[in-house]
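Printed here is model-v9.cif (mmCIF, C-alpha atoms):
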data_target
#
loop_
_atom_site.group_PDB
_atom_site.id
_atom_site.type_symbol
_atom_site.label_atom_id
_atom_site.label_comp_id
_atom_site.auth_asym_id
_atom_site.auth_seq_id
_atom_site.Cartn_x
_atom_site.Cartn_y
_atom_site.Cartn_z
ATOM 1 C CA MET A 142 188.743 50.860 18.141
ATOM 2 C CA ARG A 143 186.767 51.154 14.908
ATOM 3 C CA LEU A 144 183.428 52.963 14.829
ATOM 4 C CA GLY A 145 181.058 52.234 11.964
ATOM 5 C CA ILE A 146 177.871 54.131 11.156
ATOM 6 C CA ASP A 147 175.063 53.031 8.870
ATOM 7 C CA LEU A 148 173.290 56.227 7.801
ATOM 8 C CA GLY A 149 169.924 55.020 6.552
ATOM 9 C CA GLY A 150 166.741 56.727 5.492
ATOM 10 C CA THR A 151 164.857 55.763 8.668
ATOM 11 C CA LYS A 152 167.577 54.988 11.210
ATOM 12 C CA ILE A 153 171.204 55.767 11.998
ATOM 13 C CA GLU A 154 173.115 52.923 13.650
ATOM 14 C CA ILE A 155 176.575 52.899 15.190
ATOM 15 C CA ILE A 156 178.763 49.936 16.078
ATOM 16 C CA ALA A 157 182.108 49.811 17.865
ATOM 17 C CA LEU A 158 184.524 46.993 17.017
ATOM 18 C CA ASP A 159 187.734 46.113 18.795
ATOM 19 C CA GLU A 160 190.975 45.219 17.021
ATOM 20 C CA GLN A 161 189.782 41.662 16.299
ATOM 21 C CA GLY A 162 186.348 42.741 15.018
ATOM 22 C CA SER A 163 184.386 41.835 18.158
ATOM 23 C CA GLU A 164 181.421 44.058 18.945
ATOM 24 C CA LEU A 165 181.844 46.420 21.884
ATOM 25 C CA LEU A 166 178.725 48.557 21.514
ATOM 26 C CA ARG A 167 175.742 49.122 19.232
ATOM 27 C CA ARG A 168 173.229 51.972 19.333
ATOM 28 C CA ARG A 169 170.663 53.452 16.942
ATOM 29 C CA VAL A 170 168.516 56.552 16.617
ATOM 30 C CA TYR A 171 165.851 57.642 14.153
ATOM 31 C CA THR A 172 167.067 59.641 11.153
ATOM 32 C CA PRO A 173 165.830 63.265 11.207
ATOM 33 C CA GLN A 174 163.612 63.218 8.113
ATOM 34 C CA GLY A 175 164.619 65.689 5.409
ATOM 35 C CA ASP A 176 166.929 67.533 7.813
ATOM 36 C CA TYR A 177 170.562 67.621 6.712
ATOM 37 C CA LEU A 178 171.904 69.564 9.692
ATOM 38 C CA GLY A 179 169.926 67.400 12.089
ATOM 39 C CA THR A 180 171.349 64.283 10.415
ATOM 40 C CA VAL A 181 174.937 65.526 10.731
ATOM 41 C CA MET A 182 174.405 66.374 14.393
ATOM 42 C CA ALA A 183 172.806 62.985 15.046
ATOM 43 C CA VAL A 184 175.819 61.170 13.578
ATOM 44 C CA ALA A 185 178.253 63.277 15.586
ATOM 45 C CA GLY A 186 176.198 62.735 18.718
ATOM 46 C CA LEU A 187 176.301 58.953 18.300
ATOM 47 C CA VAL A 188 180.087 59.021 17.923
ATOM 48 C CA GLU A 189 180.604 61.221 20.973
ATOM 49 C CA ALA A 190 178.221 59.172 23.123
ATOM 50 C CA ALA A 191 179.870 55.883 22.112
ATOM 51 C CA GLU A 192 183.331 57.179 22.887
ATOM 52 C CA ASP A 193 182.185 58.577 26.242
ATOM 53 C CA GLU A 194 180.622 55.227 27.178
ATOM 54 C CA LEU A 195 183.643 53.166 26.133
ATOM 55 C CA GLY A 196 186.229 55.628 27.373
ATOM 56 C CA ARG A 197 188.333 55.731 24.231
ATOM 57 C CA ARG A 198 188.532 57.296 20.800
ATOM 58 C CA GLY A 199 187.999 55.411 17.545
ATOM 59 C CA SER A 200 188.310 55.711 13.808
ATOM 60 C CA VAL A 201 185.045 56.609 12.029
ATOM 61 C CA GLY A 202 183.661 55.022 8.864
ATOM 62 C CA ILE A 203 180.224 55.785 7.461
ATOM 63 C CA GLY A 204 178.026 53.922 4.989
ATOM 64 C CA ILE A 205 175.517 56.048 3.096
ATOM 65 C CA PRO A 206 172.740 55.308 0.588
ATOM 66 C CA GLY A 207 174.593 57.118 -2.189
ATOM 67 C CA ALA A 208 178.127 58.102 -3.116
ATOM 68 C CA GLU A 209 180.576 60.952 -2.744
ATOM 69 C CA SER A 210 181.426 62.689 -6.008
ATOM 70 C CA LEU A 211 185.135 62.350 -6.754
ATOM 71 C CA ALA A 212 184.961 65.691 -8.598
ATOM 72 C CA THR A 213 183.261 67.866 -5.963
ATOM 73 C CA GLY A 214 183.266 65.924 -2.698
ATOM 74 C CA LEU A 215 179.489 66.382 -2.528
ATOM 75 C CA ILE A 216 176.986 63.552 -2.078
ATOM 76 C CA LYS A 217 175.246 62.206 -5.197
ATOM 77 C CA ASN A 218 172.826 59.388 -6.084
ATOM 78 C CA ALA A 219 171.388 59.272 -2.542
ATOM 79 C CA ASN A 220 167.852 58.101 -1.934
ATOM 80 C CA SER A 221 168.023 60.154 1.279
ATOM 81 C CA THR A 222 167.625 63.268 -0.819
ATOM 82 C CA CYS A 223 168.552 65.777 1.910
ATOM 83 C CA LEU A 224 172.155 64.520 1.570
ATOM 84 C CA ILE A 225 172.401 65.264 -2.164
ATOM 85 C CA GLY A 226 174.750 68.132 -2.983
ATOM 86 C CA LYS A 227 176.014 68.380 0.608
ATOM 87 C CA PRO A 228 179.654 68.106 1.818
ATOM 88 C CA LEU A 229 178.840 65.398 4.353
ATOM 89 C CA ARG A 230 182.351 64.107 4.955
ATOM 90 C CA ARG A 231 183.816 67.612 5.284
ATOM 91 C CA ASP A 232 181.126 68.664 7.755
ATOM 92 C CA LEU A 233 181.552 65.552 9.897
ATOM 93 C CA GLN A 234 185.337 65.873 9.903
ATOM 94 C CA ALA A 235 184.971 69.438 11.171
ATOM 95 C CA LEU A 236 182.619 68.344 13.956
ATOM 96 C CA LEU A 237 184.549 65.241 14.997
ATOM 97 C CA GLN A 238 188.035 66.712 14.493
ATOM 98 C CA ARG A 239 189.417 63.677 12.662
ATOM 99 C CA GLU A 240 189.473 61.985 9.254
ATOM 100 C CA VAL A 241 186.204 60.301 8.315
ATOM 101 C CA ARG A 242 185.920 57.595 5.646
ATOM 102 C CA LEU A 243 182.743 57.419 3.611
ATOM 103 C CA ALA A 244 181.411 54.682 1.325
ATOM 104 C CA ASN A 245 178.240 53.484 -0.340
ATOM 105 C CA ASP A 246 176.220 51.225 1.949
ATOM 106 C CA ALA A 247 176.348 48.325 -0.532
ATOM 107 C CA ASN A 248 180.150 48.641 -0.597
ATOM 108 C CA CYS A 249 180.131 48.458 3.192
ATOM 109 C CA PHE A 250 177.984 45.316 3.084
ATOM 110 C CA ALA A 251 180.385 43.685 0.615
ATOM 111 C CA LEU A 252 183.446 44.707 2.646
ATOM 112 C CA SER A 253 182.035 43.264 5.863
ATOM 113 C CA GLU A 254 181.290 39.927 4.229
ATOM 114 C CA ALA A 255 184.693 39.869 2.501
ATOM 115 C CA ILE A 256 186.693 40.513 5.673
ATOM 116 C CA ASP A 257 185.075 38.233 8.241
ATOM 117 C CA GLY A 258 181.858 36.994 6.648
ATOM 118 C CA SER A 259 180.758 34.579 3.953
ATOM 119 C CA GLY A 260 183.438 35.759 1.501
ATOM 120 C CA ARG A 261 186.377 35.758 3.911
ATOM 121 C CA ASP A 262 188.285 33.149 1.890
ATOM 122 C CA ALA A 263 187.655 34.751 -1.531
ATOM 123 C CA ALA A 264 189.925 37.115 -3.442
ATOM 124 C CA THR A 265 186.980 38.776 -5.227
ATOM 125 C CA VAL A 266 183.546 39.257 -3.663
ATOM 126 C CA PHE A 267 180.452 40.796 -5.232
ATOM 127 C CA GLY A 268 177.981 41.898 -2.566
ATOM 128 C CA VAL A 269 174.401 42.114 -3.839
ATOM 129 C CA ILE A 270 171.577 43.985 -2.128
ATOM 130 C CA LEU A 271 168.109 42.719 -3.041
ATOM 131 C CA GLY A 272 165.623 44.769 -1.072
ATOM 132 C CA THR A 273 163.659 47.978 -1.540
ATOM 133 C CA GLY A 274 166.279 48.722 -4.180
ATOM 134 C CA VAL A 275 169.007 46.740 -5.923
ATOM 135 C CA GLY A 276 172.618 47.623 -5.214
ATOM 136 C CA GLY A 277 176.039 46.068 -5.272
ATOM 137 C CA GLY A 278 179.593 46.403 -4.067
ATOM 138 C CA ILE A 279 182.888 44.931 -5.248
ATOM 139 C CA VAL A 280 185.736 43.947 -2.924
ATOM 140 C CA VAL A 281 189.085 42.727 -4.271
ATOM 141 C CA GLN A 282 191.713 41.440 -1.838
ATOM 142 C CA GLN A 283 189.633 42.902 1.034
ATOM 143 C CA GLN A 284 189.673 46.393 -0.503
ATOM 144 C CA VAL A 285 186.569 48.165 -1.799
ATOM 145 C CA LEU A 286 186.670 48.951 -5.518
ATOM 146 C CA VAL A 287 185.335 52.509 -5.850
ATOM 147 C CA GLY A 288 185.909 53.147 -9.551
ATOM 148 C CA ALA A 289 186.738 56.213 -11.634
ATOM 149 C CA ASN A 290 183.189 57.556 -11.233
ATOM 150 C CA ALA A 291 182.534 56.180 -7.720
ATOM 151 C CA ILE A 292 179.870 53.815 -9.092
ATOM 152 C CA ALA A 293 181.635 50.434 -9.126
ATOM 153 C CA GLY A 294 179.119 47.682 -8.433
ATOM 154 C CA GLU A 295 176.021 49.677 -9.433
ATOM 155 C CA TRP A 296 174.616 46.842 -11.523
ATOM 156 C CA GLY A 297 171.037 47.757 -10.622
ATOM 157 C CA HIS A 298 170.937 50.513 -13.231
ATOM 158 C CA ASN A 299 172.064 48.416 -16.160
ATOM 159 C CA PRO A 300 169.329 47.154 -18.493
ATOM 160 C CA LEU A 301 168.055 43.669 -17.754
ATOM 161 C CA PRO A 302 169.503 41.457 -20.524
ATOM 162 C CA GLY A 303 167.639 38.937 -22.648
ATOM 163 C CA LEU A 304 164.149 40.434 -22.454
ATOM 164 C CA ASP A 305 161.296 38.280 -23.741
ATOM 165 C CA GLU A 306 157.522 38.778 -23.935
ATOM 166 C CA ARG A 307 157.081 38.004 -20.215
ATOM 167 C CA ASP A 308 159.385 40.920 -19.369
ATOM 168 C CA LEU A 309 157.527 43.492 -21.449
ATOM 169 C CA PRO A 310 156.536 46.249 -21.281
ATOM 170 C CA ALA A 311 159.780 47.259 -19.593
ATOM 171 C CA PRO A 312 158.965 48.935 -16.272
ATOM 172 C CA GLU A 313 160.079 52.469 -15.527
ATOM 173 C CA CYS A 314 162.866 52.998 -12.987
ATOM 174 C CA TYR A 315 163.080 55.927 -10.588
ATOM 175 C CA CYS A 316 166.366 56.900 -12.261
ATOM 176 C CA GLY A 317 164.433 57.929 -15.372
ATOM 177 C CA ARG A 318 165.300 54.917 -17.528
ATOM 178 C CA GLN A 319 163.218 51.893 -18.444
ATOM 179 C CA GLY A 320 164.020 48.230 -17.969
ATOM 180 C CA CYS A 321 166.709 48.625 -15.282
ATOM 181 C CA VAL A 322 167.690 45.545 -13.281
ATOM 182 C CA GLU A 323 166.335 47.302 -10.169
ATOM 183 C CA ALA A 324 162.939 47.782 -11.819
ATOM 184 C CA TYR A 325 162.679 43.986 -12.192
ATOM 185 C CA LEU A 326 164.511 42.599 -9.160
ATOM 186 C CA SER A 327 163.743 44.784 -6.130
ATOM 187 C CA GLY A 328 161.183 43.670 -3.579
ATOM 188 C CA PRO A 329 158.529 46.126 -4.853
ATOM 189 C CA ALA A 330 159.290 44.992 -8.429
ATOM 190 C CA LEU A 331 158.698 41.357 -7.465
ATOM 191 C CA SER A 332 155.364 42.338 -5.948
ATOM 192 C CA ALA A 333 154.401 44.390 -9.027
ATOM 193 C CA ASP A 334 155.280 41.506 -11.366
ATOM 194 C CA HIS A 335 153.061 39.150 -9.380
ATOM 195 C CA ALA A 336 150.195 41.646 -9.559
ATOM 196 C CA ARG A 337 150.588 42.047 -13.336
ATOM 197 C CA HIS A 338 150.342 38.307 -13.909
ATOM 198 C CA THR A 339 147.715 37.403 -11.305
ATOM 199 C CA GLY A 340 145.771 40.558 -10.494
ATOM 200 C CA THR A 341 146.558 39.976 -6.799
ATOM 201 C CA GLN A 342 148.706 42.405 -4.799
ATOM 202 C CA LEU A 343 151.058 40.600 -2.398
ATOM 203 C CA ASP A 344 154.307 41.723 -0.824
ATOM 204 C CA ALA A 345 157.531 39.844 -1.535
ATOM 205 C CA ALA A 346 157.619 38.058 1.828
ATOM 206 C CA THR A 347 154.080 36.725 1.336
ATOM 207 C CA ILE A 348 154.906 35.539 -2.184
ATOM 208 C CA ALA A 349 157.947 33.661 -0.865
ATOM 209 C CA ARG A 350 155.962 32.105 1.970
ATOM 210 C CA ARG A 351 153.110 30.965 -0.294
ATOM 211 C CA ALA A 352 155.572 29.578 -2.832
ATOM 212 C CA ALA A 353 157.065 27.463 -0.056
ATOM 213 C CA GLN A 354 153.528 26.108 0.449
ATOM 214 C CA ASP A 355 153.346 25.159 -3.259
ATOM 215 C CA ASP A 356 151.066 28.013 -4.349
ATOM 216 C CA ALA A 357 151.260 27.701 -8.160
ATOM 217 C CA ALA A 358 150.956 31.417 -8.949
ATOM 218 C CA CYS A 359 153.619 32.380 -6.419
ATOM 219 C CA LEU A 360 155.923 29.608 -7.625
ATOM 220 C CA ALA A 361 155.584 30.937 -11.181
ATOM 221 C CA THR A 362 156.393 34.478 -9.991
ATOM 222 C CA LEU A 363 159.560 33.300 -8.251
ATOM 223 C CA GLU A 364 160.595 31.274 -11.284
ATOM 224 C CA ARG A 365 160.354 34.420 -13.456
ATOM 225 C CA TYR A 366 162.286 36.320 -10.792
ATOM 226 C CA GLU A 367 165.087 33.749 -10.604
ATOM 227 C CA LYS A 368 165.503 33.608 -14.358
ATOM 228 C CA ARG A 369 165.821 37.396 -14.506
ATOM 229 C CA LEU A 370 168.230 37.446 -11.588
ATOM 230 C CA ALA A 371 170.337 34.727 -13.212
ATOM 231 C CA ARG A 372 170.606 36.658 -16.501
ATOM 232 C CA ALA A 373 171.476 39.882 -14.709
ATOM 233 C CA LEU A 374 174.154 38.256 -12.549
ATOM 234 C CA ALA A 375 175.625 36.388 -15.515
ATOM 235 C CA GLY A 376 176.457 39.763 -17.039
ATOM 236 C CA VAL A 377 178.359 40.702 -13.882
ATOM 237 C CA ILE A 378 180.122 37.321 -13.741
ATOM 238 C CA ASN A 379 181.220 37.582 -17.383
ATOM 239 C CA ILE A 380 183.023 40.838 -16.536
ATOM 240 C CA LEU A 381 184.104 40.526 -12.903
ATOM 241 C CA ASP A 382 184.204 36.708 -12.480
ATOM 242 C CA PRO A 383 183.917 36.823 -8.660
ATOM 243 C CA GLU A 384 184.617 33.755 -6.579
ATOM 244 C CA VAL A 385 181.711 34.570 -4.255
ATOM 245 C CA ILE A 386 178.451 36.480 -4.579
ATOM 246 C CA VAL A 387 176.897 37.293 -1.196
ATOM 247 C CA PHE A 388 173.248 38.334 -1.051
ATOM 248 C CA GLY A 389 171.837 40.878 1.380
ATOM 249 C CA GLY A 390 168.519 42.690 1.754
ATOM 250 C CA GLY A 391 165.129 41.199 2.489
ATOM 251 C CA LEU A 392 165.010 38.938 -0.570
ATOM 252 C CA SER A 393 168.268 37.265 0.472
ATOM 253 C CA ASN A 394 166.185 35.297 2.987
ATOM 254 C CA MET A 395 164.700 33.173 0.161
ATOM 255 C CA GLN A 396 166.728 29.974 0.536
ATOM 256 C CA ARG A 397 165.661 28.711 -2.882
ATOM 257 C CA LEU A 398 167.909 31.347 -4.505
ATOM 258 C CA TYR A 399 171.036 29.575 -3.275
ATOM 259 C CA ARG A 400 169.791 26.217 -4.561
ATOM 260 C CA ASN A 401 168.479 27.349 -7.943
ATOM 261 C CA LEU A 402 170.732 30.161 -9.149
ATOM 262 C CA PRO A 403 173.847 28.143 -10.116
ATOM 263 C CA GLU A 404 171.856 26.044 -12.590
ATOM 264 C CA ARG A 405 169.894 29.039 -13.908
ATOM 265 C CA CYS A 406 172.975 31.242 -14.228
ATOM 266 C CA ALA A 407 175.476 28.834 -15.781
ATOM 267 C CA PRO A 408 174.001 28.774 -19.344
ATOM 268 C CA HIS A 409 174.485 32.556 -19.604
ATOM 269 C CA VAL A 410 178.121 32.537 -18.426
ATOM 270 C CA PHE A 411 180.871 32.392 -21.068
ATOM 271 C CA SER A 412 182.691 29.387 -19.624
ATOM 272 C CA ASP A 413 182.697 25.601 -19.775
ATOM 273 C CA THR A 414 182.602 25.461 -15.959
ATOM 274 C CA PHE A 415 180.702 27.427 -13.328
ATOM 275 C CA ALA A 416 182.421 27.801 -9.963
ATOM 276 C CA THR A 417 180.984 31.064 -8.583
ATOM 277 C CA ARG A 418 179.390 30.471 -5.176
ATOM 278 C CA PHE A 419 176.124 32.147 -4.109
ATOM 279 C CA LEU A 420 176.035 32.579 -0.326
ATOM 280 C CA PRO A 421 173.811 34.162 2.339
ATOM 281 C CA PRO A 422 175.405 36.822 4.542
ATOM 282 C CA THR A 423 177.138 35.807 7.756
ATOM 283 C CA HIS A 424 176.284 39.060 9.507
ATOM 284 C CA GLY A 425 172.816 39.629 8.055
ATOM 285 C CA ASP A 426 171.442 43.120 8.642
ATOM 286 C CA SER A 427 174.594 44.020 10.591
ATOM 287 C CA SER A 428 176.899 43.769 7.589
ATOM 288 C CA GLY A 429 176.405 47.379 6.486
ATOM 289 C CA VAL A 430 177.351 48.955 9.797
ATOM 290 C CA ARG A 431 180.197 46.473 10.355
ATOM 291 C CA GLY A 432 181.546 47.229 6.884
ATOM 292 C CA ALA A 433 181.546 50.935 7.642
ATOM 293 C CA ALA A 434 183.803 50.235 10.637
ATOM 294 C CA TRP A 435 186.046 48.051 8.435
ATOM 295 C CA LEU A 436 186.653 51.003 6.069
ATOM 296 C CA TRP A 437 189.668 51.444 8.362
ATOM 297 C CA HIS A 438 190.874 47.878 7.665
#
How does the structure come out when it is put into structure tokens?
Amino acid sequence: MRLGIDLGGTKIEIIALDEQGSELLRRRVYTPQGDYLGTVMAVAGLVEAAEDELGRRGSVGIGIPGAESLATGLIKNANSTCLIGKPLRRDLQALLQREVRLANDANCFALSEAIDGSGRDAATVFGVILGTGVGGGIVVQQQVLVGANAIAGEWGHNPLPGLDERDLPAPECYCGRQGCVEAYLSGPALSADHARHTGTQLDAATIARRAAQDDAACLATLERYEKRLARALAGVINILDPEVIVFGGGLSNMQRLYRNLPERCAPHVFSDTFATRFLPPTHGDSSGVRGAAWLWH
């Protein structure tokens, strides 16, 4: 049995998968806000309760909104700031009395979709998160690529390429830089771009809905968004050349992305053909927690 845990900023979810990947159990609790010890105990409690209910012991994989430093073993780059600088894996291994595998939540999303999701037939999968933030994960031959600095797939903090007057001034990113991909392509960034051009504050879901109803201003906002997304992904494709790019996060629900991106992306890719497929996730919001379980694949 494989146990996967998605350790998010607002909720902690656990899933149990059998040997074939079928779901046996799923539970969730609220994340103790700003409380590291409470968070560790909540994770351990979910594992113990799941094993008691199912009557057997499982392997444990955890997806986190950050990464584990390869130098220190401490958590870094986490938007759940109470985790930063803490030995999360070591503490959980001590509580659970077994090895625990830890990975970035975007890596878990990509792994889930590569093993038994939309990228199951692809040798190389790039999993893209387009939501409150912008993240990514790389899976090659059904194995997560971590990288020498544990940041493989973090395309959201590269500069957006090909800036023109519509992209300026470059927005500030929470990481301290300006003009990051995330600062243009997250859900809040889409909303902010619409407000800059129209003076009207709408959330991303409303913009998408009104565009589907042929609202001219919202259509123009999504056209700017798609062109930026295409340029940003072309940079990834020119380096990684994945067979499949799977989208996750709230913005992945915009069906027009899958229709429009191949044509918008192809002119920026250094090739005479364009074969990369853009696909929605098979497992939707469940991919992160499923991928955490598949860390023991």
>> I'd like the residues picked by the PyMOL selection byres ((chain A and resi 195-208) around 8) written out as JSON, numbers by chain, using the chain letters and numbers from the file.
In response: {"A": [142, 143, 144, 145, 146, 147, 148, 149, 150, 191, 192, 193, 194, 209, 210, 216, 217, 218, 219, 220, 221, 240, 241, 242, 243, 244, 245, 246, 247, 248, 249, 291, 292, 429, 430, 432, 433, 434, 435, 436, 437]}
>> I want to know what sits within 10 Å of A:Gly272, based on only C-alpha atoms, with residues of the same chain fewer than 3 positions away left out; could you give that as a ChimeraX atom specification?
In response: /A:269,275-276,323,326-330,345,388-393
> Counting only C-alpha atoms, which of A:Thr273, A:Ser259, A:Gln174, A:Thr339 gets nearest to A:Ile153?
Replying inline: A:Gln174
>> Show me, as a ChimeraX atom specification, the residues that have an atom within 8 Å of stretch 277-283 of chain A when counting only C-alpha atoms, minus same-chain residues fewer than 5 positions from it.
In response: /A:247-252,255-256,263-270,293-297
> For A:Pro312, which of A:Leu229, A:Cys406, A:Ile156, A:Leu331 is the closest residue, counting all atoms listed in the file?
Replying inline: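 Closest candidate: A:Leu331.
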>> I'd like the interatomic distance between atom CA of A:Arg230 and atom CA of A:Leu381, to a tenth of an Å.
In response: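 A separation of 29.6 Å between them.
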> What is the atom CA of A:Ile155-atom CA of A:Leu236 distance in Å, reported with one decimal?
Replying inline: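 Those two atoms sit 16.6 Å apart.
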> Of the residues A:His338, A:Arg400, A:Arg168, A:Arg239, which is the one nearest to A:Arg307, using only C-alpha atoms?
Replying inline: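 The answer is A:His338, which sits nearest to A:Arg307.
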>> Can you translate the PyMOL selection byres ((chain A and resi 228) around 9) into the concrete residues it hits in this file, as a list in words?
In response: Glu209, Thr213, Gly214, Leu215, Ile216, Leu224, Ile225, Gly226, Lys227, Leu229, Arg230, Arg231, Asp232 and Leu233 of chain A
>> When you look at A:Lys368 with a cut-off of 12 Å (counting all atoms listed in the file), what residues show up, excluding the ones that are within fewer than 6 positions of it in the same chain? I need them as a PyMOL selection string.
In response: chain A and resi 301-305+307-308+325-326+361-362+374-375+398+401-409
>> Can you measure atom CA of A:Ala333 to atom CA of A:Tyr399 for me? One decimal in Å is fine.
In response: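 Rounded to one decimal, the two atoms are 23.0 Å apart.
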> Between A:Arg397, A:Arg337, A:Arg369, A:His298, which has the minimum distance to A:Phe419 (counting only C-alpha atoms)?
Replying inline: A:Arg397
> Of the residues A:Val410, A:Leu309, A:Leu343, A:Leu271, which is the one nearest to A:Val387, using all atoms listed in the file?
Replying inline: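 Looking only at the distances to A:Val387, the closest residue turns out to be A:Leu271.
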I'd like the box whose edges run along x, y and z of the file and which contains every listed atom of stretch 337-344 of chain A, padded by 3 Å per side; could you state its centre and edge lengths in Å, one decimal, as lines of an AutoDock Vina configuration file?
center_x = 150.0
center_y = 39.9
center_z = -7.4
size_x = 14.5
size_y = 11.0
size_z = 19.1
> Counting all atoms listed in the file, which of A:Ile386, A:Ala346, A:Val181, A:Ala324 gets nearest to A:Leu237?
Replying inline: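 Among A:Ile386, A:Ala346, A:Val181, A:Ala324, it is A:Val181 that comes nearest to A:Leu237.
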>> Evaluated on this file, the PyMOL selection byres ((chain A and resi 348) around 9) picks out some residues - which ones are they, written as a list in words?
In response: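 Selected by the PyMOL selection byres ((chain A and resi 348) around 9) here: Leu331, Ser332, His335, Leu343, Asp344, Ala345, Ala346, Thr347, Ala349, Arg350, Arg351, Ala352, Ala353, Asp356, Ala358, Cys359, Leu360, Thr362 and Leu363 of chain A.
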Hey, could you patch up stretch 168-174 of chain A with all heavy atoms and hand it over as a compact mmCIF listing (two decimals), in the coordinates of the input?
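Result file follows (result.txt):
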# COMPACT_ATOMS: atom_id res chain seq x y z
N ARG A 168 174.33 51.08 18.99
CA ARG A 168 173.23 51.97 19.33
C ARG A 168 172.57 52.44 18.04
O ARG A 168 173.21 52.46 16.98
CB ARG A 168 173.72 53.19 20.12
CG ARG A 168 174.41 52.88 21.43
CD ARG A 168 173.43 52.45 22.51
NE ARG A 168 174.11 52.23 23.79
CZ ARG A 168 174.62 51.07 24.18
NH1 ARG A 168 174.53 50.01 23.39
NH2 ARG A 168 175.21 50.95 25.35
N ARG A 169 171.32 52.89 18.12
CA ARG A 169 170.66 53.45 16.94
C ARG A 169 169.69 54.54 17.35
O ARG A 169 169.17 54.55 18.48
CB ARG A 169 169.95 52.39 16.13
CG ARG A 169 168.79 51.71 16.81
CD ARG A 169 167.99 50.83 15.87
NE ARG A 169 168.78 49.81 15.22
CZ ARG A 169 168.29 48.89 14.39
NH1 ARG A 169 166.98 48.90 14.12
NH2 ARG A 169 169.04 47.98 13.84
N VAL A 170 169.49 55.48 16.43
CA VAL A 170 168.52 56.55 16.62
C VAL A 170 167.75 56.70 15.31
O VAL A 170 168.19 56.23 14.25
CB VAL A 170 169.18 57.90 16.99
CG1 VAL A 170 169.90 57.80 18.33
CG2 VAL A 170 170.14 58.37 15.89
N TYR A 171 166.59 57.36 15.37
CA TYR A 171 165.85 57.64 14.15
C TYR A 171 166.54 58.73 13.36
O TYR A 171 167.12 59.67 13.92
CB TYR A 171 164.42 58.07 14.48
CG TYR A 171 163.54 56.95 14.97
CD1 TYR A 171 163.13 56.90 16.30
CD2 TYR A 171 163.15 55.93 14.11
CE1 TYR A 171 162.32 55.86 16.76
CE2 TYR A 171 162.36 54.88 14.56
CZ TYR A 171 161.96 54.86 15.88
OH TYR A 171 161.18 53.82 16.33
N THR A 172 166.50 58.62 12.03
CA THR A 172 167.07 59.64 11.15
C THR A 172 166.14 60.85 11.10
O THR A 172 164.95 60.69 10.84
CB THR A 172 167.24 59.09 9.72
OG1 THR A 172 168.03 57.90 9.77
CG2 THR A 172 167.91 60.12 8.83
N PRO A 173 166.66 62.06 11.35
CA PRO A 173 165.83 63.26 11.21
C PRO A 173 165.39 63.42 9.75
O PRO A 173 166.22 63.65 8.87
CB PRO A 173 166.77 64.40 11.63
CG PRO A 173 167.83 63.74 12.45
CD PRO A 173 168.01 62.38 11.85
N GLN A 174 164.11 63.28 9.48
CA GLN A 174 163.61 63.22 8.11
C GLN A 174 163.76 64.56 7.39
O GLN A 174 163.27 65.58 7.85
CB GLN A 174 162.15 62.78 8.11
CG GLN A 174 161.92 61.37 8.63
CD GLN A 174 162.66 60.33 7.78
OE1 GLN A 174 162.48 60.25 6.57
NE2 GLN A 174 163.51 59.54 8.43
